[in-house]
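Enquirer: Below is entry_38.txt; it holds compact mmCIF, C-alpha atoms.
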```txt
# COMPACT_ATOMS: atom_id res chain seq x y z
CA MET O 19 67.73 103.99 28.77
CA LEU O 20 70.62 104.34 31.13
CA ASP O 21 72.68 101.36 32.09
CA ASP O 22 75.89 100.93 33.99
CA GLY O 23 74.73 98.35 36.53
CA SER O 24 74.22 100.77 39.42
CA PRO O 25 70.74 101.61 40.76
CA LEU O 26 68.78 103.89 38.45
CA PHE O 27 68.47 106.76 40.93
CA GLN O 28 72.25 106.84 41.21
CA GLN O 29 72.56 106.84 37.44
CA ILE O 30 70.20 109.82 37.23
CA ALA O 31 72.25 111.64 39.87
CA ARG O 32 75.43 110.79 37.97
CA GLN O 33 74.01 112.06 34.71
CA VAL O 34 72.83 115.37 36.10
CA SER O 35 76.12 115.88 37.91
CA ASP O 36 77.96 115.09 34.65
CA GLY O 37 75.96 117.95 33.16
CA VAL O 38 77.12 120.24 35.96
CA LEU O 39 80.74 119.14 35.50
CA VAL O 40 80.89 119.74 31.74
CA GLY O 41 78.95 122.99 31.94
CA THR O 42 75.63 121.92 30.43
CA PHE O 43 74.03 123.12 33.66
CA PRO O 44 76.05 126.13 34.92
CA GLU O 45 75.80 127.14 38.56
CA GLY O 46 72.65 129.11 39.31
CA THR O 47 70.71 127.66 36.38
CA GLN O 48 67.74 125.33 36.52
CA VAL O 49 68.10 121.62 35.78
CA PRO O 50 65.36 119.67 33.97
CA SER O 51 62.30 118.85 36.09
CA THR O 52 61.55 115.42 37.54
CA THR O 53 58.80 115.01 34.96
CA GLU O 54 61.13 115.88 32.09
CA LEU O 55 63.88 113.55 33.25
CA ALA O 56 61.39 110.74 33.85
CA ALA O 57 59.92 111.17 30.38
CA LEU O 58 63.34 111.50 28.76
CA HIS O 59 64.67 108.26 30.23
CA ARG O 60 61.29 106.47 30.49
CA ILE O 61 61.76 105.84 34.17
CA ASN O 62 59.60 106.17 37.22
CA PRO O 63 59.27 109.81 38.39
CA ALA O 64 59.82 108.67 41.99
CA THR O 65 63.17 107.18 40.96
CA VAL O 66 64.18 110.49 39.37
CA GLY O 67 63.07 112.24 42.56
CA LYS O 68 65.39 110.03 44.60
CA GLY O 69 68.29 110.81 42.27
CA LEU O 70 67.73 114.56 42.54
CA ALA O 71 67.31 114.27 46.32
CA LEU O 72 70.74 112.66 46.41
CA LEU O 73 72.20 115.70 44.66
CA VAL O 74 70.42 118.02 47.08
CA ALA O 75 71.99 116.09 49.97
CA GLU O 76 75.39 116.48 48.28
CA GLU O 77 74.79 120.24 47.93
CA VAL O 78 74.99 120.08 44.15
CA LEU O 79 71.38 121.16 43.70
CA HIS O 80 68.92 123.12 45.78
CA LYS O 81 65.18 123.42 45.54
CA ARG O 82 63.40 126.70 45.00
CA ARG O 83 59.86 126.21 46.12
CA GLY O 84 57.43 126.31 43.24
CA LEU O 85 60.17 126.81 40.67
CA GLY O 86 62.26 123.66 40.56
CA MET O 87 65.81 122.49 41.11
CA PHE O 88 68.80 124.78 40.59
CA VAL O 89 72.54 124.20 40.52
CA SER O 90 74.08 125.47 43.76
CA ASP O 91 77.00 127.86 43.99
CA GLY O 92 80.22 125.92 44.33
CA ALA O 93 78.54 122.73 43.06
CA ARG O 94 81.14 122.13 40.38
CA ALA O 95 84.07 122.41 42.77
CA ARG O 96 82.36 120.00 45.18
CA LEU O 97 81.78 117.51 42.36
CA VAL O 98 85.39 117.79 41.19
CA GLU O 99 86.60 117.09 44.69
CA ARG O 100 84.29 114.11 45.12
CA ARG O 101 85.09 112.60 41.73
CA ARG O 102 88.82 112.97 42.36
CA GLY O 103 88.34 110.96 45.51
CA GLU O 104 86.59 108.27 43.49
CA LEU O 105 89.13 108.25 40.67
CA ALA O 106 91.37 105.73 42.42
CA THR O 107 88.66 103.13 43.09
CA THR O 108 86.63 103.66 39.93
CA TYR O 109 89.41 103.85 37.35
CA VAL O 110 92.87 103.25 38.77
CA ARG O 111 92.12 100.06 40.68
CA PRO O 112 90.64 98.17 37.68
CA LEU O 113 93.48 99.51 35.50
CA VAL O 114 96.09 98.17 37.90
CA ALA O 115 94.26 94.84 38.25
CA GLU O 116 94.14 94.38 34.48
CA ALA O 117 97.77 95.43 34.09
CA ARG O 118 98.79 92.91 36.77
CA SER O 119 96.93 90.07 35.09
CA LEU O 120 98.78 90.96 31.88
CA GLY O 121 102.11 90.96 33.71
CA LEU O 122 102.86 94.66 33.15
CA ALA O 123 105.40 96.37 35.39
CA ALA O 124 104.50 99.61 37.19
CA ASP O 125 106.66 101.60 34.78
CA ASP O 126 104.80 100.13 31.78
CA VAL O 127 101.47 101.26 33.23
CA LEU O 128 102.76 104.75 33.96
CA ALA O 129 104.24 104.97 30.45
CA LEU O 130 100.83 104.04 28.98
CA VAL O 131 99.08 106.73 31.00
CA ALA O 132 101.70 109.31 30.05
CA GLN O 133 101.37 108.34 26.38
CA GLN O 134 97.57 108.70 26.51
CA LEU O 135 97.92 112.13 28.11
CA ARG O 136 100.30 113.21 25.31
CA ASP O 137 98.00 111.80 22.61
CA ASP O 138 95.01 113.69 23.99
CA GLY O 139 96.94 116.97 23.94
CA PRO O 140 96.59 119.69 26.52
CA ALA O 141 93.57 119.44 28.82
CA PRO O 142 90.75 121.82 27.88
CA THR O 143 90.97 124.68 30.34
CA THR O 144 88.30 127.04 29.04
CA ARG O 145 85.33 125.65 30.93
CA ARG O 146 87.21 124.47 33.98
CA PRO O 147 87.88 126.47 37.12
CA PRO O 148 91.44 126.67 38.48
CA VAL O 149 92.67 123.41 39.92
CA PRO O 150 93.73 123.73 43.58
CA THR O 151 96.34 120.94 43.58
CA PRO O 152 97.54 119.00 40.56
CA ALA O 153 96.69 115.30 40.48
CA ARG O 154 99.64 113.25 41.63
CA THR O 155 100.85 110.61 39.21
CA THR O 156 104.15 109.66 40.77
CA PRO O 157 105.38 106.06 40.69
CA GLU O 158 104.84 105.80 44.46
CA GLY O 159 101.19 106.73 44.04
CA ALA O 160 100.67 104.02 41.44
CA ARG O 161 101.50 101.09 43.62
CA MET J 7 55.92 109.81 45.75
CA THR J 8 54.94 107.08 48.14
CA THR J 9 53.10 107.73 51.38
CA THR J 10 52.68 105.50 54.39
CA ALA J 11 49.12 104.12 54.06
CA PRO J 12 49.20 101.08 51.78
CA ALA J 13 47.11 101.11 48.59
CA VAL J 14 46.83 97.33 48.55
CA SER J 15 47.15 95.04 51.55
CA ALA J 16 47.23 91.26 51.43
CA ARG J 17 47.22 89.08 54.53
CA GLY J 18 47.69 85.33 54.27
CA VAL J 19 45.97 85.26 50.91
CA GLY J 20 45.32 81.83 49.41
CA ARG J 21 43.34 80.68 46.41
CA ARG J 22 42.74 77.18 45.16
CA LEU J 23 41.72 76.78 41.53
CA GLY J 24 40.52 73.22 40.97
CA SER J 25 43.30 70.94 42.12
CA THR J 26 45.92 73.71 41.98
CA GLN J 27 46.92 75.84 44.94
CA ALA J 28 47.28 78.99 42.81
CA LEU J 29 48.26 81.22 45.75
CA GLN J 30 49.36 80.36 49.25
CA ASP J 31 49.90 82.58 52.26
CA VAL J 32 50.62 85.75 50.31
CA SER J 33 51.06 88.87 52.47
CA PHE J 34 52.30 92.30 51.42
CA ASP J 35 51.60 96.01 51.66
CA LEU J 36 51.85 97.96 48.45
CA PRO J 37 52.68 101.61 49.18
CA THR J 38 50.35 104.21 47.73
CA GLY J 39 51.89 105.77 44.63
CA ALA J 40 54.21 102.84 43.95
CA VAL J 41 54.66 101.38 40.52
CA CYS J 42 54.97 97.73 41.39
CA GLY J 43 56.18 94.99 39.10
CA LEU J 44 54.48 91.67 39.73
CA LEU J 45 57.00 89.18 38.42
CA GLY J 46 57.37 85.42 38.17
CA ARG J 47 57.03 82.52 35.81
CA ASN J 48 53.97 81.49 33.86
CA GLY J 49 51.55 79.91 36.32
CA ALA J 50 53.18 81.57 39.34
CA GLY J 51 49.84 83.13 40.33
CA LYS J 52 50.26 86.68 39.00
CA THR J 53 46.93 87.00 37.18
CA THR J 54 45.13 85.20 40.05
CA LEU J 55 46.49 87.77 42.49
CA MET J 56 45.68 90.69 40.21
CA ALA J 57 42.13 89.45 39.72
CA MET J 58 41.65 89.48 43.48
CA VAL J 59 43.07 93.00 43.79
CA ALA J 60 40.58 94.05 41.11
CA GLY J 61 37.68 92.26 42.80
CA HIS J 62 37.14 89.88 39.87
CA ASP J 63 37.74 87.05 42.30
CA ARG J 64 38.09 86.58 46.05
CA PRO J 65 40.62 84.74 48.18
CA ASP J 66 39.50 81.51 49.83
CA ALA J 67 41.98 82.16 52.63
CA GLY J 68 43.16 85.43 54.14
CA ALA J 69 42.06 88.88 53.04
CA ILE J 70 42.95 91.50 50.49
CA THR J 71 42.05 95.18 50.77
CA VAL J 72 42.35 98.13 48.41
CA HIS J 73 42.49 101.45 50.25
CA GLY J 74 40.88 99.68 53.18
CA GLU J 75 38.01 98.13 51.16
CA ARG J 76 37.60 94.48 50.25
CA PRO J 77 37.27 94.64 46.48
CA PHE J 78 35.03 91.60 45.80
CA GLU J 79 31.34 92.46 45.27
CA ASN J 80 31.87 95.80 46.95
CA PRO J 81 30.45 98.90 45.21
CA ALA J 82 32.64 101.16 47.37
CA ALA J 83 35.75 99.53 45.90
CA ALA J 84 34.59 99.12 42.30
CA GLY J 85 35.80 102.53 41.15
CA LEU J 86 39.11 102.22 42.99
CA VAL J 87 40.63 99.60 40.70
CA SER J 88 40.91 99.16 36.98
CA MET J 89 42.03 95.92 35.39
CA VAL J 90 41.85 94.27 32.00
CA ARG J 91 43.03 90.66 31.99
CA ASP J 92 45.71 89.68 29.53
CA ASN J 93 43.29 87.19 27.96
CA GLN J 94 40.24 89.46 28.26
CA ARG J 95 37.22 88.23 26.29
CA TYR J 96 34.80 90.81 24.93
CA PRO J 97 31.16 90.39 23.90
CA ASP J 98 30.91 89.46 20.22
CA ASP J 99 29.59 92.78 18.98
CA LEU J 100 31.57 95.13 21.22
CA HIS J 101 33.54 97.79 19.34
CA LEU J 102 36.15 100.32 20.45
CA ALA J 103 33.53 103.09 20.32
CA HIS J 104 31.41 101.21 22.87
CA LEU J 105 34.36 100.84 25.20
CA LEU J 106 35.12 104.56 24.97
CA ARG J 107 31.49 105.32 25.75
CA VAL J 108 31.11 103.00 28.77
CA GLY J 109 34.52 103.79 30.29
CA PRO J 110 33.34 106.96 32.11
CA LEU J 111 30.37 105.04 33.57
CA PHE J 112 32.72 102.77 35.50
CA HIS J 113 35.46 105.24 36.37
CA ALA J 114 34.71 108.70 37.69
CA GLY J 115 38.20 109.89 36.74
CA TRP J 116 37.97 108.66 33.11
CA ASP J 117 39.95 110.97 30.84
CA ALA J 118 38.39 110.98 27.36
CA ASP J 119 41.16 113.09 25.84
CA LEU J 120 43.78 110.67 27.09
CA ALA J 121 41.72 107.77 25.74
CA ALA J 122 41.61 109.40 22.31
CA GLU J 123 45.34 110.01 22.44
CA VAL J 124 46.05 106.38 23.31
CA VAL J 125 43.89 105.25 20.38
CA ASP J 126 45.98 107.44 18.07
CA ALA J 127 49.31 106.50 19.60
CA PHE J 128 48.70 102.78 19.09
CA ARG J 129 46.86 103.30 15.79
CA LEU J 130 43.95 101.28 17.11
CA PRO J 131 41.44 100.52 14.35
CA SER J 132 37.85 101.49 15.18
CA LYS J 133 36.14 99.26 12.63
CA PRO J 134 36.57 95.64 13.77
CA GLN J 135 34.94 94.08 16.79
CA LEU J 136 37.26 94.07 19.79
CA ARG J 137 37.43 90.27 19.80
CA LYS J 138 38.92 90.35 16.30
CA LEU J 139 41.86 92.58 17.23
CA SER J 140 45.37 91.14 17.10
CA ARG J 141 47.24 90.18 20.29
CA GLY J 142 49.15 93.48 20.29
CA GLN J 143 46.05 95.53 19.59
CA SER J 144 44.24 93.81 22.46
CA SER J 145 47.12 94.80 24.72
CA ALA J 146 46.79 98.38 23.49
CA VAL J 147 43.08 98.34 24.39
CA ALA J 148 43.96 97.13 27.90
CA ILE J 149 46.52 99.95 28.22
CA LEU J 150 43.89 102.38 27.00
CA VAL J 151 41.44 101.30 29.70
CA GLY J 152 44.14 101.19 32.38
CA LEU J 153 45.48 104.67 31.69
CA ALA J 154 42.25 106.49 30.80
CA SER J 155 40.41 105.13 33.85
CA ARG J 156 42.85 107.01 36.10
CA ALA J 157 41.82 104.54 38.80
CA PRO J 158 43.66 104.99 42.13
CA VAL J 159 44.93 101.41 41.70
CA THR J 160 45.65 100.57 38.08
CA VAL J 161 46.32 96.92 37.34
CA LEU J 162 48.07 96.16 34.07
CA ASP J 163 48.27 92.46 33.27
CA GLU J 164 51.10 91.86 30.79
CA PRO J 165 50.56 95.28 29.19
CA THR J 166 53.25 94.84 26.53
CA LEU J 167 52.27 91.32 25.45
CA GLY J 168 52.41 91.17 21.66
CA LEU J 169 53.23 94.86 21.30
CA ASP J 170 55.79 95.83 18.66
CA ALA J 171 58.97 97.65 19.73
CA THR J 172 57.59 101.09 18.86
CA SER J 173 54.37 100.44 20.77
CA ARG J 174 56.28 99.28 23.84
CA GLN J 175 58.11 102.61 23.86
CA VAL J 176 54.80 104.41 23.35
CA PHE J 177 53.44 102.54 26.37
CA ALA J 178 56.41 103.54 28.55
CA ASP J 179 56.13 107.15 27.38
CA LEU J 180 52.41 107.32 28.08
CA LEU J 181 52.71 105.67 31.49
CA VAL J 182 55.57 107.87 32.72
CA ARG J 183 53.87 111.02 31.49
CA ASP J 184 50.51 110.07 32.97
CA LEU J 185 52.05 109.11 36.31
CA ALA J 186 53.39 112.65 36.55
CA ALA J 187 49.99 114.10 35.55
CA ALA J 188 47.92 111.82 37.80
CA PRO J 189 49.99 109.96 40.40
CA ARG J 190 48.49 106.63 41.36
CA THR J 191 49.38 103.10 42.34
CA VAL J 192 50.20 100.75 39.51
CA LEU J 193 50.50 96.98 39.70
CA LEU J 194 51.86 95.56 36.49
CA SER J 195 52.92 92.07 35.52
CA THR J 196 55.50 91.44 32.86
CA HIS J 197 58.07 88.99 31.60
CA LEU J 198 60.06 91.76 29.88
CA VAL J 199 61.76 92.57 33.16
CA ASP J 200 64.82 94.33 31.78
CA GLU J 201 62.78 96.48 29.45
CA LEU J 202 60.28 97.71 32.01
CA GLU J 203 62.52 97.79 35.09
CA GLY J 204 62.96 101.54 34.88
CA LEU J 205 59.23 102.09 35.27
CA LEU J 206 59.13 100.25 38.59
CA ASP J 207 59.97 101.32 42.11
CA HIS J 208 58.70 98.20 43.88
CA VAL J 209 58.83 94.52 43.06
CA LEU J 210 56.78 91.48 44.09
CA VAL J 211 57.98 88.10 42.86
CA LEU J 212 55.71 85.06 42.95
CA ASP J 213 56.86 81.50 42.47
CA GLY J 214 54.54 78.51 42.61
CA GLY J 215 51.85 80.61 44.30
CA ARG J 216 54.11 81.88 47.05
CA LEU J 217 55.52 85.37 47.44
CA VAL J 218 59.30 85.00 47.31
CA ARG J 219 60.30 88.67 47.11
CA ASP J 220 58.68 91.91 48.29
CA ALA J 221 61.11 94.81 48.09
CA ALA J 222 61.78 98.30 46.88
CA LEU J 223 63.64 98.11 43.56
CA GLU J 224 66.73 99.81 44.96
CA ASP J 225 66.96 97.25 47.76
CA LEU J 226 66.89 94.36 45.30
CA HIS J 227 69.66 95.93 43.31
CA GLY J 228 72.92 94.17 44.08
CA SER J 229 71.26 91.86 46.63
CA ALA J 230 72.24 88.84 44.53
CA SER J 231 75.24 88.12 42.37
CA VAL J 232 76.37 85.80 39.64
CA VAL J 233 79.50 83.71 40.16
CA LEU J 234 80.98 81.99 37.12
CA GLY J 235 84.09 79.86 36.74
CA PRO J 236 85.53 76.36 36.95
CA ALA J 237 82.97 74.17 38.74
CA ASP J 238 85.11 73.20 41.73
CA ALA J 239 86.19 76.80 42.37
CA VAL J 240 82.59 78.04 42.19
CA GLU J 241 81.44 75.25 44.51
CA ARG J 242 84.14 76.13 47.02
CA ALA J 243 83.37 79.84 46.89
CA THR J 244 79.61 79.42 47.26
CA ALA J 245 79.55 76.51 49.73
CA ASP J 246 78.17 78.57 52.61
CA VAL J 247 75.91 81.10 50.85
CA ALA J 248 72.32 80.69 49.63
CA VAL J 249 72.32 79.48 46.02
CA LEU J 250 69.25 80.50 43.99
CA ALA J 251 70.13 78.83 40.71
CA SER J 252 72.94 76.83 39.20
CA ARG J 253 73.85 76.11 35.62
CA ARG J 254 76.57 73.71 34.57
CA VAL J 255 78.16 73.82 31.14
CA GLY J 256 81.01 71.36 30.68
CA GLY J 257 83.51 72.02 33.45
CA PHE J 258 82.05 75.41 34.23
CA LEU J 259 79.47 76.35 36.78
CA GLU J 260 77.42 79.54 37.00
CA ARG J 261 75.59 80.24 40.21
CA VAL J 262 73.22 83.00 41.20
CA VAL J 263 73.76 83.51 44.91
CA GLU J 264 71.92 85.58 47.45
CA GLU J 265 74.94 87.57 48.49
CA PRO J 266 76.31 90.92 47.33
CA GLY J 267 79.76 90.47 45.83
CA GLY J 268 79.27 86.72 45.33
CA SER J 269 80.74 85.78 48.72
CA ALA J 270 83.82 86.66 50.70
CA ARG J 271 85.61 83.66 49.23
CA ALA J 272 84.62 84.41 45.64
CA ALA J 273 85.99 87.94 45.88
CA GLY J 274 89.56 86.77 46.36
CA ASP J 275 89.61 84.10 43.63
CA PRO J 276 91.02 85.37 40.30
CA ALA J 277 89.60 82.30 38.48
CA LEU J 278 86.05 83.48 39.21
CA GLN J 279 83.96 86.10 37.51
CA VAL J 280 81.67 87.83 39.98
CA ARG J 281 79.10 90.48 39.07
CA PRO J 282 75.84 91.80 40.49
CA ALA J 283 72.74 89.96 39.26
CA GLY J 284 70.34 92.14 37.29
CA LEU J 285 66.64 92.14 38.21
CA GLN J 286 65.79 89.84 35.30
CA GLU J 287 68.51 87.37 36.31
CA LEU J 288 67.32 87.46 39.90
CA VAL J 289 63.70 86.82 38.88
CA ALA J 290 64.75 83.99 36.55
CA ALA J 291 66.87 82.46 39.33
CA LEU J 292 64.00 82.68 41.84
CA GLY J 293 61.83 80.87 39.29
CA ALA J 294 64.39 78.12 38.77
CA GLY J 295 62.98 76.76 42.00
CA ASP J 296 65.81 74.53 43.24
CA ASP J 297 69.43 74.80 44.15
CA GLY J 298 70.50 71.76 42.17
CA ASP J 299 72.68 72.08 39.12
CA ARG J 300 70.71 72.49 35.96
CA ALA J 301 72.70 70.81 33.23
CA THR J 302 72.72 72.77 30.02
CA ALA J 303 73.98 71.80 26.60
CA PRO J 304 76.77 74.11 25.45
CA ARG J 305 75.61 76.77 23.05
CA PRO J 306 77.88 78.18 20.35
CA GLY J 307 79.57 81.29 21.64
CA SER J 308 78.41 80.84 25.21
CA LEU J 309 81.88 80.13 26.51
CA THR J 310 83.69 83.06 24.94
CA GLU J 311 83.91 85.07 28.15
CA VAL J 312 84.83 82.24 30.44
CA PRO J 313 88.23 82.69 32.08
CA ARG J 314 90.99 80.21 31.43
```
Take the structure in the file and give it back as structure tokens.
Expert:
Amino acid sequence: MLDDGSPLFQQIARQVSDGVLVGTFPEGTQVPSTTELAALHRINPATVGKGLALLVAEEVLHKRRGLGMFVSDGARARLVERRRGELATTYVRPLVAEARSLGLAADDVLALVAQQLRDDGPAPTTRRPPVPTPARTTPEGAR
Amino acid sequence: MTTTAPAVSARGVGRRLGSTQALQDVSFDLPTGAVCGLLGRNGAGKTTLMAMVAGHDRPDAGAITVHGERPFENPAAAGLVSMVRDNQRYPDDLHLAHLLRVGPLFHAGWDADLAAEVVDAFRLPSKPQLRKLSRGQSSAVAILVGLASRAPVTVLDEPTLGLDATSRQVFADLLVRDLAAAPRTVLLSTHLVDELEGLLDHVLVLDGGRLVRDAALEDLHGSASVVLGPADAVERATADVAVLASRRVGGFLERVVEEPGGSARAAGDPALQVRPAGLQELVAALGAGDDGDRATAPRPGSLTEVPR
């Protein structure tokens, strides 16, 4: 079962779009059917349908009548753009809040992020398309 | 896969059982194709309501219809609904084989292959009389009838009662798969809210015979929140929002409030923990039935996540 506190149809949408992001579902290929996803996660097929409809609205998937759902051209780039927009609220804001409650200075937080980036080594580039603009991690942006 | 015409309609339904008002002024429309959880405490009126949907009983106030038909004593409605009560009694000498034989007589859509598969999946023994089956096996028989009948409105009264963990997964697997194969309206009652939540897309909550929630699952999500912290801070933050349940442990107070995000005041207070209430928490809070503080003895470990 899925569980991150958000509504199930959003979790289904998130999971399928994760698959598009990491290359499990390349552009132009078919994603699992509503029935398969419902059975896999033991959730209501209508809920899965809502999740996939969300991805259709976001132009990540498109329906081919009688065949199923397919990953749209440019879906990955659209997801990357959207997720970058969400990065600040989803990850950076709680990070900063926690750091504040621990009394960390801005420089300490930035040093931690830099250290983590070094520890993880170079970002895997093989399955990722070229990045239009590098993510900004300047001290000004961290405030 | 819901369409506009309701599968089940209730209007001002009431039912008195002896000196108890088991249901009072219950009105709802259950969309066709919905999988609806009927939730609430023991004695809230769930089985009473289901029995009236199935035509085993009739309301003494208001009206209930299933696809436009009143189910009680109505041949036109008999095949529309399938229900096995959670405490179903069987004739002394009735065996599983009899049930499998009479099923198709009552339900035109009876699927014998599915019935056989359910028997296998739950390892139902064919030898003993049905009345001698264990609690879990009786539940499996009810699931068997509910699924194999393929009735347009399938009522499952506590389908997972007494089922082991494997069987509960088997039930979820069978239901999800069969919903895809033969879409229909399902009304199921359960106390294992968290475990079965994913199967639902609609929720009805009864408390003390009254309908206190009627909503699509996604609309309930995040409609209530839990605020936890020092009692005075929680009281301040929740003074002007609807409180569904309160629990006091020492100097701490936990409140389930009918407000996304706890309340505007709670959001800004670092001493408070605020999080969305899950469906199970919401149902439990609705069943708590008052907005007074329920005093609770401290349990070991229960204070570990409380902020300083």
Enquirer: Provide as a list in words the residues of chain J at most 9 Å from chain O, counting all atoms listed in the file.
Expert: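 That gives the following set of residues: Met7, Thr8, Gly39, Ala40, Val41, Gln175, Ala178, Asp179, Leu180, Leu181, Val182, Arg183, Leu185, Ala186, Ala187, Leu202, Glu203, Gly204, Leu205, Leu206, Asp207, Leu223, Glu224, His227, Gly228, Pro282 and Gly284 of chain J.
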Enquirer: Just C-alpha atoms for this one: save the residues we selected as a short mmCIF file (atom, residue, chain, number, x, y, z; two decimals), in the coordinates of the input.
Expert:
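The resulting file, part-v7.cif, is reproduced below:
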```cif
data_model
loop_
_atom_site.label_atom_id
_atom_site.label_comp_id
_atom_site.auth_asym_id
_atom_site.auth_seq_id
_atom_site.Cartn_x
_atom_site.Cartn_y
_atom_site.Cartn_z
CA MET J 7 55.92 109.81 45.75
CA THR J 8 54.94 107.08 48.14
CA GLY J 39 51.89 105.77 44.63
CA ALA J 40 54.21 102.84 43.95
CA VAL J 41 54.66 101.38 40.52
CA GLN J 175 58.11 102.61 23.86
CA ALA J 178 56.41 103.54 28.55
CA ASP J 179 56.13 107.15 27.38
CA LEU J 180 52.41 107.32 28.08
CA LEU J 181 52.71 105.67 31.49
CA VAL J 182 55.57 107.87 32.72
CA ARG J 183 53.87 111.02 31.49
CA LEU J 185 52.05 109.11 36.31
CA ALA J 186 53.39 112.65 36.55
CA ALA J 187 49.99 114.10 35.55
CA LEU J 202 60.28 97.71 32.01
CA GLU J 203 62.52 97.79 35.09
CA GLY J 204 62.96 101.54 34.88
CA LEU J 205 59.23 102.09 35.27
CA LEU J 206 59.13 100.25 38.59
CA ASP J 207 59.97 101.32 42.11
CA LEU J 223 63.64 98.11 43.56
CA GLU J 224 66.73 99.81 44.96
CA HIS J 227 69.66 95.93 43.31
CA GLY J 228 72.92 94.17 44.08
CA PRO J 282 75.84 91.80 40.49
CA GLY J 284 70.34 92.14 37.29
#
```
Enquirer: What gap, in Å, lies between atom CA of Gln30 of chain J and atom CA of Ala60 of chain J?
Expert: 18.2 Å
Enquirer: What's around Ala277 of chain J at 12 Å? Count all atoms listed in the file, leave out sequence neighbours fewer than 5 positions away in its own chain, and write the answer as a PyMOL selection string.
Expert: (chain O and resi 119) or (chain J and resi 233-240+242-243+258-259+271-272+312-314)
Enquirer: Take the residues just selected and output them with C-alpha atoms as an mmCIF file, in the frame of the given file.
Expert:
```cif
data_model
loop_
_atom_site.group_PDB
_atom_site.id
_atom_site.type_symbol
_atom_site.label_atom_id
_atom_site.label_comp_id
_atom_site.auth_asym_id
_atom_site.auth_seq_id
_atom_site.Cartn_x
_atom_site.Cartn_y
_atom_site.Cartn_z
ATOM 1 C CA SER O 119 96.930 90.070 35.090
ATOM 2 C CA VAL J 233 79.500 83.710 40.160
ATOM 3 C CA LEU J 234 80.980 81.990 37.120
ATOM 4 C CA GLY J 235 84.090 79.860 36.740
ATOM 5 C CA PRO J 236 85.530 76.360 36.950
ATOM 6 C CA ALA J 237 82.970 74.170 38.740
ATOM 7 C CA ASP J 238 85.110 73.200 41.730
ATOM 8 C CA ALA J 239 86.190 76.800 42.370
ATOM 9 C CA VAL J 240 82.590 78.040 42.190
ATOM 10 C CA ARG J 242 84.140 76.130 47.020
ATOM 11 C CA ALA J 243 83.370 79.840 46.890
ATOM 12 C CA PHE J 258 82.050 75.410 34.230
ATOM 13 C CA LEU J 259 79.470 76.350 36.780
ATOM 14 C CA ARG J 271 85.610 83.660 49.230
ATOM 15 C CA ALA J 272 84.620 84.410 45.640
ATOM 16 C CA VAL J 312 84.830 82.240 30.440
ATOM 17 C CA PRO J 313 88.230 82.690 32.080
ATOM 18 C CA ARG J 314 90.990 80.210 31.430
#
```
Enquirer: Measuring atom to atom with only C-alpha atoms, identify which of O:Leu73, O:Arg102, O:Gly84, O:Val127 is nearest to Val114 of chain O.
Expert: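 Of the candidates, the smallest distance to Val114 of chain O is held by O:Val127.
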Enquirer: Do you have the atom CA of Gly43 of chain J-atom CA of Gly268 of chain J distance handy?
Expert: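 According to the coordinates, atom CA of Gly43 of chain J and atom CA of Gly268 of chain J are separated by 25.3 Å.
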Enquirer: Distance atom CA of Asp213 of chain J-atom CA of Ala84 of chain J, one decimal place?
Expert: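 For atom CA of Asp213 of chain J relative to atom CA of Ala84 of chain J, the distance reads 28.4 Å.
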Enquirer: Determine, counting only C-alpha atoms, which protein, DNA and RNA residues have an atom within 10 Å of an atom of Leu72 of chain O; residues of the same chain fewer than 5 positions away are not included. Present the result as a ChimeraX atom specification.
Expert: /O:27-28,30-32,66-67,77-79
